[in-house]
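A.B. asks: Take a look at entry-v9.txt, compact mmCIF, C-alpha atoms:
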```txt
# COMPACT_ATOMS: atom_id res chain seq x y z
CA MET A 1 -3.69 9.30 -8.19
CA ASP A 2 -2.75 12.94 -8.14
CA GLY A 3 -0.56 13.78 -5.20
CA SER A 4 0.33 17.27 -6.53
CA ALA A 5 3.80 16.61 -5.25
CA GLY A 6 6.08 19.43 -4.19
CA GLU A 7 9.49 20.14 -5.64
CA SER A 8 12.41 17.93 -4.69
CA SER A 9 14.88 19.04 -2.05
CA GLU A 10 18.59 19.38 -2.74
CA SER A 11 19.26 15.85 -1.55
CA GLY A 12 16.87 14.54 -4.21
CA SER A 13 15.47 11.79 -2.01
CA ILE A 14 11.85 11.77 -0.89
CA VAL A 15 9.63 14.80 -1.11
CA SER A 16 6.53 15.42 0.98
CA CYS A 17 3.64 16.70 -1.09
CA SER A 18 1.78 19.75 0.10
CA GLN A 19 -1.63 18.72 1.26
CA SER A 20 -3.09 22.13 0.54
CA SER A 21 -2.07 21.92 -3.11
CA ILE A 22 -4.05 18.77 -3.77
CA ASN A 23 -7.08 19.64 -5.82
CA GLY A 24 -10.34 18.00 -4.94
CA ALA A 25 -9.14 16.64 -1.59
CA LEU A 26 -11.96 14.95 0.21
CA HIS A 27 -12.43 14.45 3.92
CA GLY A 28 -13.46 11.16 5.51
CA ASP A 29 -14.07 9.58 8.84
CA ASP A 30 -10.59 8.27 9.47
CA TYR A 31 -8.32 9.10 6.57
CA GLY A 32 -9.50 12.52 5.39
CA CYS A 33 -7.74 15.84 5.87
CA PRO A 34 -8.44 17.50 9.24
CA ARG A 35 -10.04 20.94 8.97
CA GLN A 36 -8.43 23.87 10.72
CA VAL A 37 -10.69 25.85 13.04
CA SER A 38 -10.07 29.55 13.52
CA PRO A 39 -9.54 30.62 17.14
CA ILE A 40 -12.55 32.21 18.86
CA ARG A 41 -12.26 35.90 19.61
CA THR A 42 -13.89 37.19 22.75
CA GLY A 43 -14.70 40.76 23.71
CA GLY A 44 -11.36 42.34 22.92
CA LEU A 45 -9.49 40.23 25.47
CA ARG A 46 -5.99 39.15 24.58
CA ASN A 47 -4.16 36.24 26.09
CA THR A 48 -0.39 36.73 26.22
CA SER A 49 0.52 33.58 28.09
CA PRO A 50 2.87 31.19 26.21
CA MET A 51 0.41 28.32 26.19
CA GLY A 52 -2.74 30.37 25.65
CA ARG A 53 -6.20 29.85 27.13
CA VAL A 54 -9.02 27.83 25.70
CA GLY A 55 -11.05 29.80 23.19
CA LEU A 56 -8.72 32.84 23.21
CA ARG A 57 -6.22 33.88 20.60
CA ASN A 58 -2.60 33.49 21.66
CA THR A 59 -0.43 36.38 20.46
CA SER A 60 2.74 35.31 22.23
CA PRO A 61 5.83 35.20 19.99
CA SER A 62 6.53 31.69 21.27
CA ARG A 63 3.22 30.38 19.91
CA GLN A 64 4.02 27.48 17.60
CA LYS A 65 1.97 25.08 15.50
CA VAL A 66 1.09 21.88 17.34
CA ILE A 67 2.66 18.83 15.77
CA LYS A 68 -0.03 16.18 15.20
CA THR A 69 2.15 13.49 13.65
CA ARG A 70 1.97 10.29 15.61
CA PRO A 71 5.39 8.64 15.93
CA ARG A 72 5.72 4.95 15.25
CA GLY A 73 5.84 2.40 18.03
CA LEU A 74 4.83 4.66 20.96
CA ASP A 75 1.95 4.33 23.38
CA GLU A 76 -0.81 6.93 23.82
CA GLU A 77 0.83 8.60 26.84
CA THR A 78 4.11 9.08 25.02
CA VAL A 79 2.34 10.29 21.88
CA ALA A 80 0.57 12.99 23.88
CA THR A 81 3.91 14.57 24.77
CA PHE A 82 4.64 15.14 21.07
CA GLY A 83 1.64 17.48 20.84
CA LYS A 84 3.14 20.02 23.22
CA VAL A 85 4.28 23.39 21.99
CA ALA A 86 7.95 23.56 21.03
CA HIS A 87 9.81 26.77 21.84
CA PRO A 88 12.55 27.84 19.43
CA ASP A 89 14.53 29.59 22.18
CA VAL A 90 15.30 26.21 23.81
CA GLN A 91 18.35 24.81 22.05
CA MET A 92 20.26 21.59 22.50
CA GLU A 93 24.02 21.82 22.69
CA ASP A 94 25.90 20.12 19.88
CA ASN A 95 28.09 18.12 22.23
CA ILE A 96 25.00 16.45 23.73
CA TRP A 97 23.99 15.01 20.36
CA ALA A 98 27.60 14.14 19.56
CA MET A 99 27.90 12.04 22.72
CA LEU A 100 24.52 10.35 22.30
CA PRO A 101 24.99 6.54 22.52
CA GLU A 102 24.39 4.71 19.27
CA ASP A 103 21.73 2.39 20.71
CA LEU A 104 19.76 5.38 22.04
CA LEU A 105 20.08 7.14 18.69
CA ASN A 106 18.73 4.02 17.00
CA GLU A 107 15.79 3.95 19.40
CA ILE A 108 14.96 7.53 18.41
CA LEU A 109 15.40 7.17 14.66
CA VAL A 110 13.37 3.97 14.29
CA ARG A 111 10.34 5.81 15.68
CA VAL A 112 10.57 8.55 13.08
CA PRO A 113 8.20 7.99 10.10
CA PRO A 114 10.28 6.24 7.40
CA PHE A 115 9.63 8.88 4.73
CA MET A 116 11.05 11.59 6.99
CA ILE A 117 14.23 9.68 7.77
CA PHE A 118 15.54 10.58 4.32
CA ARG A 119 15.56 14.23 5.32
CA LEU A 120 17.73 13.40 8.31
CA ARG A 121 20.46 11.86 6.19
CA SER A 122 21.89 15.31 5.44
CA VAL A 123 22.26 16.22 9.14
CA CYS A 124 25.70 14.66 9.44
CA LYS A 125 27.80 11.81 8.12
CA ARG A 126 27.03 9.72 11.18
CA TRP A 127 23.29 9.91 10.61
CA ASN A 128 23.73 9.20 6.92
CA SER A 129 25.69 6.01 7.62
CA ILE A 130 23.63 4.82 10.57
CA LEU A 131 20.56 4.29 8.37
CA GLN A 132 22.48 1.55 6.54
CA ASP A 133 23.86 0.03 9.70
CA SER A 134 22.83 -3.49 10.68
CA SER A 135 22.11 -2.45 14.27
CA PHE A 136 19.66 0.22 13.08
CA LEU A 137 17.90 -2.32 10.83
CA LYS A 138 17.67 -4.69 13.79
CA PHE A 139 16.00 -2.00 15.90
CA HIS A 140 13.75 -1.10 12.97
CA SER A 141 12.54 -4.69 12.59
CA GLN A 142 11.38 -4.73 16.23
CA VAL A 143 9.27 -1.57 15.95
CA PRO A 144 5.62 -1.81 14.80
CA SER A 145 4.92 -0.95 11.19
CA HIS A 146 4.37 2.64 10.12
CA GLY A 147 0.94 1.67 8.86
CA PRO A 148 -0.73 1.11 5.49
CA CYS A 149 0.19 3.27 2.52
CA LEU A 150 -0.97 3.52 -1.07
CA LEU A 151 1.73 3.30 -3.72
CA THR A 152 1.02 4.71 -7.18
CA PHE A 153 3.32 3.99 -10.11
CA TRP A 154 3.28 5.41 -13.64
CA LYS A 155 5.65 6.46 -16.43
CA ASN A 156 5.58 10.04 -17.64
CA PRO A 157 6.36 9.64 -20.50
CA HIS A 158 9.17 7.12 -20.10
CA THR A 159 10.57 8.04 -16.70
CA PRO A 160 9.09 5.97 -13.84
CA GLN A 161 7.27 8.04 -11.23
CA CYS A 162 6.07 6.94 -7.81
CA SER A 163 4.04 8.63 -5.08
CA VAL A 164 3.09 7.16 -1.73
CA PHE A 165 0.12 8.27 0.37
CA SER A 166 0.54 7.58 4.08
CA LEU A 167 -2.81 6.82 5.66
CA PRO A 168 -1.58 7.46 9.25
CA LEU A 169 0.06 10.80 8.35
CA LYS A 170 -2.52 11.80 5.71
CA ALA A 171 0.21 13.09 3.43
CA TRP A 172 1.75 12.36 0.02
CA TYR A 173 5.43 11.58 -0.50
CA ARG A 174 7.30 11.18 -3.77
CA ILE A 175 9.88 8.40 -4.08
CA PRO A 176 12.46 8.53 -6.88
CA PHE A 177 12.21 5.41 -9.04
CA THR A 178 14.89 6.31 -11.55
CA PHE A 179 16.99 3.41 -10.29
CA LEU A 180 14.70 0.93 -12.07
CA PRO A 181 15.56 -0.31 -15.57
CA GLN A 182 13.47 0.92 -18.50
CA TRP A 183 11.82 -2.47 -19.08
CA ALA A 184 10.17 -2.51 -15.61
CA PHE A 185 6.68 -1.42 -16.61
CA TRP A 186 4.06 -3.59 -14.87
CA LEU A 187 3.53 -3.24 -11.15
CA VAL A 188 2.93 -6.78 -9.87
CA GLY A 189 2.29 -5.83 -6.26
CA SER A 190 3.87 -5.25 -2.87
CA SER A 191 4.24 -7.25 0.32
CA GLY A 192 6.31 -6.78 3.46
CA GLY A 193 8.06 -3.67 2.16
CA ILE A 194 9.16 -5.27 -1.13
CA VAL A 195 7.72 -4.17 -4.48
CA CYS A 196 7.66 -6.48 -7.51
CA PHE A 197 7.73 -5.41 -11.18
CA SER A 198 7.73 -7.29 -14.48
CA GLY A 199 8.26 -6.36 -18.09
CA LEU A 200 9.75 -7.22 -21.47
CA ASP A 201 13.44 -6.56 -22.01
CA GLY A 202 13.42 -6.93 -25.76
CA LEU A 203 11.82 -10.35 -26.24
CA THR A 204 12.70 -11.64 -22.77
CA PHE A 205 10.13 -11.54 -19.98
CA LYS A 206 11.79 -10.48 -16.73
CA THR A 207 10.81 -9.98 -13.10
CA LEU A 208 12.49 -7.82 -10.47
CA VAL A 209 12.03 -6.98 -6.80
CA CYS A 210 13.06 -3.76 -5.07
CA ASN A 211 12.93 -1.86 -1.80
CA PRO A 212 11.92 1.75 -2.61
CA LEU A 213 13.27 3.10 0.70
CA THR A 214 16.78 1.69 0.31
CA GLN A 215 16.72 2.13 -3.51
CA THR A 216 17.98 -1.44 -3.99
CA TRP A 217 16.75 -3.88 -6.65
CA ARG A 218 17.67 -7.09 -8.43
CA THR A 219 16.40 -9.15 -11.33
CA LEU A 220 15.10 -12.64 -10.60
CA PRO A 221 16.42 -15.62 -12.57
CA SER A 222 14.64 -16.43 -15.83
CA MET A 223 11.61 -18.71 -15.73
CA HIS A 224 11.49 -22.03 -17.52
CA TYR A 225 9.00 -20.60 -20.06
CA ASN A 226 9.62 -17.18 -21.60
CA GLN A 227 6.03 -15.89 -21.56
CA GLN A 228 4.30 -12.89 -20.03
CA ARG A 229 2.80 -14.44 -16.92
CA GLN A 230 0.22 -13.52 -14.31
CA LEU A 231 2.30 -12.96 -11.18
CA ILE A 232 1.73 -12.46 -7.47
CA MET A 233 4.33 -11.99 -4.72
CA VAL A 234 4.03 -13.09 -1.09
CA VAL A 235 6.42 -12.42 1.81
CA ASN A 236 7.08 -14.70 4.79
CA ARG A 237 7.74 -12.37 7.72
CA ILE A 238 8.99 -15.18 9.96
CA ASP A 239 11.97 -16.39 7.92
CA ARG A 240 12.26 -13.08 5.98
CA SER A 241 11.87 -14.71 2.58
CA PHE A 242 9.50 -14.21 -0.34
CA LYS A 243 7.97 -16.17 -3.18
CA VAL A 244 6.64 -15.20 -6.59
CA ILE A 245 3.91 -17.36 -8.13
CA ALA A 246 3.43 -17.43 -11.92
CA THR A 247 0.17 -18.92 -13.23
CA GLY A 248 -1.04 -18.81 -16.86
CA ASP A 249 0.16 -16.18 -19.30
CA ILE A 250 -1.65 -12.85 -19.69
CA TYR A 251 -3.30 -13.99 -22.94
CA GLY A 252 -5.09 -16.89 -21.25
CA ASP A 253 -2.82 -19.74 -22.35
CA LYS A 254 -3.56 -22.55 -19.85
CA SER A 255 -0.91 -24.90 -21.22
CA LEU A 256 1.85 -23.37 -19.09
CA PRO A 257 2.70 -25.09 -15.80
CA THR A 258 2.65 -23.12 -12.58
CA GLU A 259 6.07 -21.79 -11.59
CA VAL A 260 7.11 -20.66 -8.11
CA TYR A 261 10.22 -18.64 -7.26
CA ASP A 262 11.71 -19.14 -3.78
CA SER A 263 14.14 -16.46 -2.58
CA LYS A 264 15.86 -18.94 -0.24
CA LEU A 265 16.68 -21.24 -3.17
CA ASP A 266 17.01 -18.40 -5.71
CA ARG A 267 15.37 -20.42 -8.47
CA TRP A 268 12.03 -21.21 -10.11
CA SER A 269 10.39 -24.61 -9.63
CA LEU A 270 7.73 -26.21 -11.84
CA HIS A 271 4.42 -27.31 -10.37
CA GLN A 272 1.10 -28.70 -11.53
CA LEU A 273 -0.53 -27.42 -14.70
CA MET A 274 -3.66 -25.36 -14.02
CA PRO A 275 -6.77 -27.33 -15.03
CA ALA A 276 -8.58 -26.14 -18.16
CA VAL A 277 -10.98 -23.48 -16.85
CA ASN A 278 -12.48 -20.25 -18.14
CA LEU A 279 -11.20 -17.53 -15.80
CA CYS A 280 -13.19 -14.36 -15.11
CA SER A 281 -10.13 -12.12 -14.85
CA SER A 282 -6.44 -12.16 -14.11
CA LYS A 283 -6.94 -10.72 -10.62
CA MET A 284 -5.69 -13.02 -7.88
CA ALA A 285 -5.80 -13.05 -4.08
CA TYR A 286 -3.44 -14.84 -1.70
CA CYS A 287 -4.23 -15.71 1.89
CA ASP A 288 -3.40 -18.57 4.26
CA SER A 289 -0.88 -20.15 1.82
CA ARG A 290 -3.57 -20.38 -0.86
CA LEU A 291 -3.95 -18.57 -4.16
CA TYR A 292 -7.49 -17.87 -5.44
CA LEU A 293 -8.76 -17.01 -8.93
CA GLU A 294 -12.31 -16.49 -10.21
CA ALA A 295 -13.58 -19.07 -12.71
CA LEU A 296 -16.66 -19.05 -14.96
CA SER A 297 -16.45 -22.61 -16.19
CA PRO A 298 -16.64 -24.50 -13.96
CA LEU A 299 -18.28 -21.78 -11.87
CA GLY A 300 -16.53 -20.95 -8.63
CA LEU A 301 -12.95 -20.47 -7.52
CA MET A 302 -9.68 -22.08 -8.53
CA MET A 303 -7.42 -22.53 -5.50
CA TYR A 304 -3.69 -23.24 -5.63
CA ARG A 305 -2.13 -24.67 -2.46
CA LEU A 306 1.42 -23.42 -2.13
CA ASP A 307 2.38 -26.17 0.33
CA THR A 308 1.36 -29.05 -1.96
CA GLY A 309 1.71 -27.39 -5.37
CA TYR A 310 -1.72 -28.58 -6.59
CA TRP A 311 -4.83 -26.84 -7.91
CA GLU A 312 -8.36 -27.42 -6.56
CA HIS A 313 -11.82 -26.23 -7.61
CA ILE A 314 -14.13 -24.65 -5.01
CA PRO A 315 -17.80 -24.60 -6.14
CA ALA A 316 -18.60 -21.23 -4.55
CA LYS A 317 -21.26 -19.65 -6.76
CA PHE A 318 -21.04 -15.91 -7.25
CA PRO A 319 -23.89 -13.58 -6.21
CA ARG A 320 -26.59 -13.00 -8.80
CA SER A 321 -26.28 -10.03 -11.17
CA LEU A 322 -22.59 -9.60 -10.34
CA LEU A 323 -21.14 -7.42 -13.10
CA ASP A 324 -17.48 -7.26 -12.13
CA GLY A 325 -15.90 -8.67 -8.99
CA TYR A 326 -12.48 -8.53 -7.36
CA LEU A 327 -11.06 -11.06 -4.94
CA VAL A 328 -9.43 -9.41 -1.92
CA ALA A 329 -7.33 -11.20 0.69
CA GLY A 330 -7.88 -10.33 4.34
CA THR A 331 -6.05 -11.31 7.49
CA GLN A 332 -5.61 -14.99 8.35
CA LYS A 333 -8.10 -17.05 6.28
CA ARG A 334 -10.54 -14.27 5.37
CA LEU A 335 -11.31 -13.93 1.66
CA PHE A 336 -13.51 -11.13 0.35
CA LEU A 337 -15.31 -10.47 -2.91
CA ALA A 338 -16.01 -6.85 -3.87
CA GLY A 339 -18.08 -6.06 -6.92
CA ARG A 340 -20.84 -4.15 -8.63
CA ILE A 341 -24.40 -5.51 -8.64
CA GLY A 342 -27.26 -4.60 -10.97
CA LEU A 343 -28.05 -4.69 -14.68
CA TYR A 344 -29.22 -1.09 -14.94
CA SER A 345 -27.41 2.03 -13.79
CA THR A 346 -30.27 3.21 -11.56
CA PHE A 347 -30.25 -0.05 -9.61
CA GLN A 348 -26.50 -0.61 -9.38
CA SER A 349 -24.65 -0.80 -6.08
CA MET A 350 -21.25 -1.86 -4.76
CA ARG A 351 -21.18 -4.68 -2.22
CA ILE A 352 -18.67 -6.74 -0.28
CA TRP A 353 -19.01 -10.43 0.52
CA GLU A 354 -16.94 -12.83 2.62
CA LEU A 355 -16.42 -16.47 1.79
CA ASP A 356 -17.86 -18.93 4.30
CA HIS A 357 -15.31 -21.74 3.99
CA ALA A 358 -17.54 -24.23 5.80
CA LYS A 359 -20.66 -23.69 3.69
CA ILE A 360 -18.72 -22.61 0.55
CA THR A 361 -21.02 -19.62 0.05
CA TRP A 362 -20.57 -15.86 -0.20
CA VAL A 363 -22.07 -13.89 2.71
CA GLU A 364 -22.72 -10.17 2.25
CA ILE A 365 -21.02 -8.05 4.93
CA SER A 366 -21.36 -4.48 3.66
CA ARG A 367 -22.78 -2.17 0.97
CA MET A 368 -21.24 1.03 -0.26
CA PRO A 369 -23.44 4.01 0.67
CA PRO A 370 -25.38 5.22 -2.42
CA LYS A 371 -23.93 8.74 -2.24
CA HIS A 372 -20.39 7.32 -2.20
CA PHE A 373 -21.20 5.01 -5.10
CA ARG A 374 -22.57 7.86 -7.23
CA ALA A 375 -19.51 9.99 -6.45
CA LEU A 376 -17.08 7.15 -7.25
CA LEU A 377 -18.79 5.89 -10.42
CA ARG A 378 -21.02 8.43 -12.14
CA LEU A 379 -21.55 6.23 -15.20
CA SER A 380 -22.72 2.62 -15.15
CA ALA A 381 -19.90 1.48 -17.43
CA GLU A 382 -17.06 3.30 -15.63
CA ARG A 383 -14.00 1.27 -14.83
CA PHE A 384 -12.80 0.86 -11.27
CA GLU A 385 -10.07 -1.03 -9.43
CA CYS A 386 -10.26 -2.80 -6.09
CA PHE A 387 -7.47 -4.17 -3.91
CA GLY A 388 -6.92 -4.79 -0.23
CA GLN A 389 -4.57 -5.54 2.64
CA ASP A 390 -5.09 -6.41 6.30
CA ASN A 391 -8.90 -6.09 6.15
CA LEU A 392 -8.66 -2.72 4.35
CA ILE A 393 -10.37 -2.60 0.94
CA CYS A 394 -9.66 0.28 -1.43
CA PHE A 395 -11.77 1.32 -4.44
CA THR A 396 -10.33 3.65 -7.08
CA SER A 397 -12.06 5.18 -10.09
CA TRP A 398 -10.20 5.83 -13.33
CA ASN A 399 -12.45 8.59 -14.65
CA GLN A 400 -13.32 10.36 -11.41
CA GLY A 401 -9.83 10.06 -9.94
CA LYS A 402 -11.10 9.25 -6.46
CA GLY A 403 -10.27 6.71 -3.80
CA LEU A 404 -12.61 5.19 -1.23
CA LEU A 405 -11.50 3.02 1.68
CA TYR A 406 -13.52 0.48 3.66
CA ASP A 407 -12.29 -0.80 7.02
CA VAL A 408 -13.75 -4.27 7.52
CA ASP A 409 -13.02 -4.34 11.26
CA LYS A 410 -14.42 -0.87 12.00
CA LYS A 411 -17.16 -1.10 9.34
CA VAL A 412 -16.36 2.45 8.22
CA TRP A 413 -16.32 3.97 4.72
CA SER A 414 -14.00 6.96 4.23
CA TRP A 415 -12.64 8.96 1.33
CA ILE A 416 -8.89 9.11 0.85
CA ALA A 417 -7.79 12.74 0.94
CA GLY A 418 -6.16 14.00 -2.23
CA CYS A 419 -6.57 10.66 -3.98
CA ALA A 420 -6.43 11.26 -7.73
CA LEU A 421 -4.90 9.16 -10.48
CA GLN A 422 -1.92 10.75 -12.17
CA SER A 423 -2.72 9.25 -15.57
CA TYR A 424 -4.72 6.54 -17.24
CA ASN A 425 -1.77 4.14 -16.92
CA CYS A 426 -1.42 4.68 -13.17
CA GLN A 427 -1.04 1.45 -11.18
CA VAL A 428 -1.93 1.29 -7.48
CA CYS A 429 -1.35 -1.14 -4.61
CA PHE A 430 -1.00 -1.17 -0.85
CA TYR A 431 2.53 -0.68 0.44
CA GLU A 432 4.21 -1.12 3.82
CA PRO A 433 7.39 1.00 4.08
CA ARG A 434 10.21 -0.90 5.79
CA PHE A 435 13.97 -0.36 5.77
CA ASP A 436 14.66 -3.93 6.89
CA ALA A 437 12.86 -5.56 3.95
CA SER A 438 15.50 -7.61 2.13
CA ILE A 439 15.38 -8.31 -1.61
CA TYR A 440 17.50 -11.45 -1.18
```
Could you write out this structure as structure tokens?
C.D. replies:
Amino acid sequence: MDGSAGESSESGSIVSCSQSSINGALHGDDYGCPRQVSPIRTGGLRNTSPMGRVGLRNTSPSRQKVIKTRPRGLDEETVATFGKVAHPDVQMEDNIWAMLPEDLLNEILVRVPPFMIFRLRSVCKRWNSILQDSSFLKFHSQVPSHGPCLLTFWKNPHTPQCSVFSLPLKAWYRIPFTFLPQWAFWLVGSSGGIVCFSGLDGLTFKTLVCNPLTQTWRTLPSMHYNQQRQLIMVVNRIDRSFKVIATGDIYGDKSLPTEVYDSKLDRWSLHQLMPAVNLCSSKMAYCDSRLYLEALSPLGLMMYRLDTGYWEHIPAKFPRSLLDGYLVAGTQKRLFLAGRIGLYSTFQSMRIWELDHAKITWVEISRMPPKHFRALLRLSAERFECFGQDNLICFTSWNQGKGLLYDVDKKVWSWIAGCALQSYNCQVCFYEPRFDASIY
């Protein structure tokens, strides 16, 4: 994805990318860039009132740009007050901010979008230290999430780069990832504010977890078998712990037992060996304490139950003429299948199915509009990626450098503004920015 990020500030923390500098930005129903409308001029009249009249140009010196950013954790009535015009001649005295109680300051800061909090660290020493304070993290954990974001990771050429696109704010932000070791190359995924990476440190396969906002990371203990494994990370929001599940290796060796890392025990445990099956791909989906993989022989799904540690086969036959499919986990027990249908380019289409657990069948729930499909994949053999979170399914195209989002609940397709892949090796996943996400 190409965020066309702006230059870093002096603090060198997180940089907001200029939305106007993003080439090829597309507008959508919910997540596109809003268009600016020029004020209407009428018959030579001029409105000099501070607030201006509807349809007339306001030439008052106090006219300011309306802030449209929606703060986190506020209701609609409170959000409306943030859209009022701010006058620069109204200044707050320094002693008022100096005497502001700490709990009230925490209440204010936790409602600021997390990417903007980094800019506030340079205001004063108190604000710089309060972001690491346990009381602030406690307030932060009680505030609703900022909302879904897209995290892109790539190395250019050897330095890790990361950009985050905030869907609620419709803006790109760059996060410095220079704190990661050089061997961290593969983006495993993200959950609950924690991002997982894996890679080879010499001949040793290693796994690490990090929190991009706090710039903290740690390497997990070594697995029982030193092989490059297919990994997936899941976070338990109730007890604030996480687990990493390692299935077969990336070369398709099924002789390795399943290993599970538990952050509460800080160790890997061995589980049942995956039955001998022919998998369709290494893409996995986790929902309702179950891990799902696509299998060709026997046809259907392989399901791993995290509570029992055993594998099961689900004879759910795939739709006919399915060329390439991706399993996507939804909320609660919902499991989706997104893929391309059709043997010939003129008859191809992208569809989404949901698994009926009772009948063990795939039920079609949506089709990508033909104009969106042709814009996303111009060639029949073009490669695309698909991933999801919380009933949001994202499609990205390698060649076209575009991103398309489908909201399962709203049944709406929308382009992601400014979505373009930085390079061929760009890796993408959903990301939830949280300061209180612990890597331990």
A.B. asks: Using only C-alpha atoms, which of the listed residues (A:Ile360, A:Val408, A:Leu200, A:Leu279) sits closest to Thr331 (chain A)?
C.D. replies: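 Nearest to Thr331 (chain A): A:Val408.
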A.B. asks: Report as CSV: every residue of region 263-289 of chain A with an atom at most 12 Å from region 227-238 of chain A, its closest pair of atoms, and their distance in Å to one decimal, counting all atoms listed in the file, with rows sorted by chain and ascending residue number.
C.D. replies:
```
residue,atom,partner,partner_atom,distance
A:Ser263,CA,A:Val235,CA,9.8
A:Lys264,CA,A:Asn236,CA,11.0
A:Ser281,CA,A:Gln230,CA,10.5
A:Ser282,CA,A:Gln230,CA,6.8
A:Lys283,CA,A:Gln230,CA,8.5
A:Met284,CA,A:Ile232,CA,7.5
A:Ala285,CA,A:Ile232,CA,8.3
A:Tyr286,CA,A:Val234,CA,7.7
A:Cys287,CA,A:Val234,CA,9.2
A:Asp288,CA,A:Val234,CA,10.7
A:Ser289,CA,A:Val234,CA,9.1
```
A.B. asks: With 8 Å of padding per side, what axis-aligned box (centre and edge lengths, Å, one decimal) covers all the listed atoms of region 101-109 of chain A? Give it as AutoDock Vina command-line options.
C.D. replies:
```
--center_x 20.0 --center_y 5.0 --center_z 18.6 --size_x 26.0 --size_y 21.1 --size_z 23.9
```
A.B. asks: With distances taken over only C-alpha atoms, which of A:Arg320, A:Lys359, A:Lys155, A:Arg305 is nearest to Gly342 (chain A)?
C.D. replies: A:Arg320
A.B. asks: Do a neighbour search on region 348-357 of chain A at 8 Å with all atoms listed in the file, toss out local chain neighbours closer than 4 positions, and write the hits as an MDAnalysis selection string.
C.D. replies: chainID A and resid 334:344 361:368 370 373 380
A.B. asks: Measure the distance from CA of Leu151 (chain A) to CA of Gly403 (chain A) in Å and round it to one decimal.
C.D. replies: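 Value for the CA of Leu151 (chain A)-CA of Gly403 (chain A) distance: 12.5 Å.
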A.B. asks: Find the residues near Ser145 (chain A): any atom within 10 Å, counting only C-alpha atoms, skip ones fewer than 4 places away on the same chain, and give them as a PDB file with C-alpha atoms, in the frame of the given file.
C.D. replies:
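Generated output (around07.pdb):
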```
ATOM      1  CA  ARG A  72       5.720   4.950  15.250  1.00  0.00           C
ATOM      2  CA  GLY A  73       5.840   2.400  18.030  1.00  0.00           C
ATOM      3  CA  ARG A 111      10.340   5.810  15.680  1.00  0.00           C
ATOM      4  CA  PRO A 113       8.200   7.990  10.100  1.00  0.00           C
ATOM      5  CA  PRO A 114      10.280   6.240   7.400  1.00  0.00           C
ATOM      6  CA  HIS A 140      13.750  -1.100  12.970  1.00  0.00           C
ATOM      7  CA  SER A 141      12.540  -4.690  12.590  1.00  0.00           C
ATOM      8  CA  GLY A 192       6.310  -6.780   3.460  1.00  0.00           C
ATOM      9  CA  GLY A 193       8.060  -3.670   2.160  1.00  0.00           C
ATOM     10  CA  GLU A 432       4.210  -1.120   3.820  1.00  0.00           C
ATOM     11  CA  PRO A 433       7.390   1.000   4.080  1.00  0.00           C
ATOM     12  CA  ARG A 434      10.210  -0.900   5.790  1.00  0.00           C
TER      13      ARG A 434
END
```
A.B. asks: Could you please determine the separation between CA of Cys394 (chain A) and CA of Tyr406 (chain A) in Å, to one decimal place?
C.D. replies: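 Pair CA of Cys394 (chain A) / CA of Tyr406 (chain A) returns 6.4 Å.
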A.B. asks: Name the residues in contact with Leu291 (chain A) at a cut-off of 12 Å, using all atoms listed in the file, excluding same-chain residues fewer than 6 positions from it; report them as a PyMOL selection string.
C.D. replies: chain A and resi 231-234+244-247+258+260+274+283-285+301-314+327-329+333+335
A.B. asks: Hey, which of A:Arg290, A:Arg218, A:Leu273, A:Lys371 ends up closest to Leu180 (chain A)? Count all atoms listed in the file.
C.D. replies: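 Closest candidate: A:Arg218.
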A.B. asks: With distances taken over only C-alpha atoms, which of A:Ala295, A:Leu323, A:Leu187, A:Ile416 is nearest to Val428 (chain A)?
C.D. replies: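 Between A:Ala295, A:Leu323, A:Leu187, A:Ile416, the residue approaching Val428 (chain A) most closely is A:Leu187.
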A.B. asks: Would you work out the distance separating CA of Thr159 (chain A) from CA of Cys426 (chain A), expressed in Å to one decimal?
C.D. replies: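 We find that CA of Thr159 (chain A) and CA of Cys426 (chain A) lie 12.9 Å from each other.
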A.B. asks: Which of these, A:Cys386, A:Cys162, A:Ala375, A:Ile108, has the shortest distance to Gly325 (chain A) once you count all atoms listed in the file?
C.D. replies: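 Closest to Gly325 (chain A), using all atoms listed in the file: A:Cys386.
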A.B. asks: Please determine, counting only C-alpha atoms, which residue among A:Gln332, A:Arg267, A:Ser255, A:Asp201 has the shortest atom-to-atom distance to Met223 (chain A).
C.D. replies: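 The answer is A:Arg267, which sits nearest to Met223 (chain A).
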